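J.: Have a look at this one before I ask anything.
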Amino acid sequence: MYLRAVRVVSAMNAMMRLLVVGHTQEMGVLARTVTDFLNEMLFAREAMATDHPTAQQQRLLEQFFADEVIPFDEFTAERKASYLGRREVRASAARQLANDGDTHAVQKLTQYIEMGFDGYVHGHYSQIMELYEGASERFHVRGVLGSPHIEIWDQEMGILTVAAFNGLTELAEALKDDQLRVDLISKRRAFEASPAYPDDGITSTDATGLPPTPV
């Protein structure tokens, strides 16, 4: 969880710098990694909370710490397919985030968000066309400052920041660092009350710091 949190914070810092220069496409790629890392932190947290890791949770941890480079002559489709899929990770996150018990709805929302960011990772048509300006008939490969995409990603950064606060709060709780946990919750609430957080009715009101929906 700690190492995943390192990547979350690093990615969020990188995204802020990309936003300043208008590289929203690259922000989308990093946002996809942030969502994965936050969900994997919850996946590991569930294993710790139950003290009885499932086979899938144990598998993910083993894969993470193995950090192996497979020799070319040993690489096979079966070897690649043995890696844990996103479905199990989403299911774990849904069990922890579904306040009303509707884990199916939470999993569907999580998958929907992932698919949106996937377009930036894989360079889908609709995401690439965000760089196109019809008036000049050119692609803005040096950023899209001055376009509506900046405001959209500014809001997205606010939502991801709260999600990151929540993930770090879970880490503090796992580390039994109550002072850090309380401090993170306080900072998250202050951020939500600031102009940096999109005023769209999304709030995190629970005592533990978990978001109402996964991001």
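Residues are named by chain letter and number: chains run A, B, ... in the order of the structure tokens, numbers start at 1 in each chain, and ligands are numbered from 1 in the order shown.
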As a ChimeraX atom specification, please: the residues near Leu30 in chain A (cut-off 10 Å, only C-alpha atoms, same-chain neighbours under 6 positions excluded).

T.: /A:8,10-12,14-15,24,36,117,120-121

J.: Mind listing the alpha helix (DSSP H) residues of range 23-209 of chain A, per DSSP on the backbone, as an MDAnalysis selection string?

T.: chainID A and resid 24:50 55:66 77:81 86:97 103:122 125:128 148:174 178:192

J.: For the residues selected in the previous step, produce a file with C-alpha atoms as a CSV table (one decimal), in the first residue's frame.

T.:
```
chain,number,residue,atom,x,y,z
A,24,THR,CA,-4.4,16.9,-20.9
A,25,GLN,CA,-4.0,13.8,-23.0
A,26,GLU,CA,-1.0,12.8,-21.0
A,27,MET,CA,-3.0,13.6,-17.8
A,28,GLY,CA,-5.5,11.0,-18.9
A,29,VAL,CA,-2.8,8.3,-19.1
A,30,LEU,CA,-1.6,9.1,-15.6
A,31,ALA,CA,-5.2,9.3,-14.3
A,32,ARG,CA,-5.7,5.7,-15.4
A,33,THR,CA,-2.7,4.6,-13.4
A,34,VAL,CA,-3.9,6.5,-10.3
A,35,THR,CA,-7.3,4.8,-10.4
A,36,ASP,CA,-5.5,1.4,-10.7
A,37,PHE,CA,-3.2,2.1,-7.8
A,38,LEU,CA,-5.9,3.4,-5.5
A,39,ASN,CA,-8.0,0.3,-6.2
A,40,GLU,CA,-5.0,-2.0,-5.6
A,41,MET,CA,-4.4,-0.2,-2.2
A,42,LEU,CA,-8.0,-1.1,-1.2
A,43,PHE,CA,-7.4,-4.6,-2.5
A,44,ALA,CA,-4.4,-5.0,-0.1
A,45,ARG,CA,-6.3,-3.2,2.7
A,46,GLU,CA,-9.1,-5.7,2.5
A,47,ALA,CA,-6.6,-8.6,2.9
A,48,MET,CA,-5.1,-6.9,5.9
A,49,ALA,CA,-8.5,-6.2,7.5
A,50,THR,CA,-9.6,-9.8,7.2
A,55,ALA,CA,-6.2,-16.5,-3.4
A,56,GLN,CA,-6.5,-13.5,-5.7
A,57,GLN,CA,-5.1,-11.1,-3.2
A,58,GLN,CA,-2.2,-13.3,-2.4
A,59,ARG,CA,-1.6,-13.7,-6.2
A,60,LEU,CA,-1.5,-9.9,-6.7
A,61,LEU,CA,1.0,-9.4,-3.9
A,62,GLU,CA,3.2,-12.2,-5.2
A,63,GLN,CA,3.2,-10.7,-8.7
A,64,PHE,CA,4.0,-7.2,-7.3
A,65,PHE,CA,7.0,-8.3,-5.2
A,66,ALA,CA,8.3,-10.8,-7.8
A,77,ALA,CA,0.4,-16.2,-23.8
A,78,GLU,CA,-0.4,-18.6,-20.9
A,79,ARG,CA,2.3,-16.9,-18.8
A,80,LYS,CA,0.8,-13.4,-19.5
A,81,ALA,CA,-2.7,-14.7,-18.9
A,86,ARG,CA,-8.9,-6.0,-13.0
A,87,ARG,CA,-12.2,-7.6,-12.3
A,88,GLU,CA,-11.1,-9.1,-8.9
A,89,VAL,CA,-9.5,-5.8,-7.9
A,90,ARG,CA,-12.7,-3.9,-8.8
A,91,ALA,CA,-14.8,-6.4,-6.8
A,92,SER,CA,-12.7,-5.8,-3.7
A,93,ALA,CA,-13.0,-2.1,-4.0
A,94,ALA,CA,-16.7,-2.3,-4.5
A,95,ARG,CA,-17.1,-4.4,-1.3
A,96,GLN,CA,-15.4,-1.6,0.6
A,97,LEU,CA,-17.0,1.4,-1.1
A,103,THR,CA,-21.6,-3.7,-5.1
A,104,HIS,CA,-22.7,-4.3,-8.7
A,105,ALA,CA,-23.4,-0.6,-9.2
A,106,VAL,CA,-20.0,0.4,-7.8
A,107,GLN,CA,-18.2,-2.1,-10.0
A,108,LYS,CA,-20.0,-0.8,-13.0
A,109,LEU,CA,-19.1,2.8,-12.2
A,110,THR,CA,-15.5,1.9,-11.6
A,111,GLN,CA,-15.3,0.0,-14.9
A,112,TYR,CA,-16.9,3.0,-16.7
A,113,ILE,CA,-14.4,5.4,-15.3
A,114,GLU,CA,-11.5,3.1,-16.2
A,115,MET,CA,-12.8,2.8,-19.8
A,116,GLY,CA,-12.9,6.6,-20.1
A,117,PHE,CA,-9.3,6.8,-19.1
A,118,ASP,CA,-8.4,3.8,-21.3
A,119,GLY,CA,-9.0,6.0,-24.4
A,120,TYR,CA,-6.0,8.1,-23.4
A,121,VAL,CA,-3.8,5.2,-22.8
A,122,HIS,CA,-4.6,3.4,-26.0
A,125,TYR,CA,-10.1,8.3,-31.9
A,126,SER,CA,-12.4,10.5,-29.7
A,127,GLN,CA,-9.6,11.3,-27.2
A,128,ILE,CA,-7.1,12.1,-30.0
A,148,PRO,CA,-12.6,23.8,-22.5
A,149,HIS,CA,-10.5,20.7,-21.8
A,150,ILE,CA,-8.4,22.6,-19.3
A,151,GLU,CA,-11.5,23.4,-17.1
A,152,ILE,CA,-12.6,19.8,-17.4
A,153,TRP,CA,-9.3,18.4,-16.3
A,154,ASP,CA,-9.0,21.0,-13.5
A,155,GLN,CA,-12.2,19.5,-12.1
A,156,GLU,CA,-11.0,16.0,-12.7
A,157,MET,CA,-7.8,16.9,-10.7
A,158,GLY,CA,-10.1,18.0,-7.8
A,159,ILE,CA,-12.0,14.7,-7.8
A,160,LEU,CA,-8.7,12.6,-8.1
A,161,THR,CA,-7.2,14.6,-5.3
A,162,VAL,CA,-10.0,13.7,-2.9
A,163,ALA,CA,-9.7,10.0,-4.0
A,164,ALA,CA,-5.9,10.2,-3.3
A,165,PHE,CA,-6.6,11.7,0.2
A,166,ASN,CA,-9.0,8.8,0.8
A,167,GLY,CA,-6.4,6.2,-0.3
A,168,LEU,CA,-3.7,7.8,1.9
A,169,THR,CA,-6.2,7.8,4.8
A,170,GLU,CA,-6.6,4.1,4.4
A,171,LEU,CA,-2.9,3.7,4.4
A,172,ALA,CA,-2.5,5.7,7.6
A,173,GLU,CA,-5.2,3.5,9.2
A,174,ALA,CA,-3.4,0.3,8.1
A,178,ASP,CA,-4.0,7.8,14.0
A,179,GLN,CA,-2.5,11.3,14.0
A,180,LEU,CA,-1.8,11.1,10.2
A,181,ARG,CA,-5.2,9.7,9.6
A,182,VAL,CA,-7.0,12.5,11.4
A,183,ASP,CA,-4.7,15.1,9.6
A,184,LEU,CA,-5.5,13.6,6.2
A,185,ILE,CA,-9.2,13.7,6.8
A,186,SER,CA,-9.0,17.3,8.0
A,187,LYS,CA,-7.0,18.3,5.0
A,188,ARG,CA,-9.4,16.5,2.6
A,189,ARG,CA,-12.4,18.3,4.1
A,190,ALA,CA,-10.6,21.6,3.8
A,191,PHE,CA,-9.8,20.9,0.2
A,192,GLU,CA,-13.5,19.9,-0.5
```

J.: Running DSSP on the backbone, which parts of range 44-179 of chain A land in strand (DSSP E or B), as a PyMOL selection string?

T.: chain A and resi 132-133+138-139
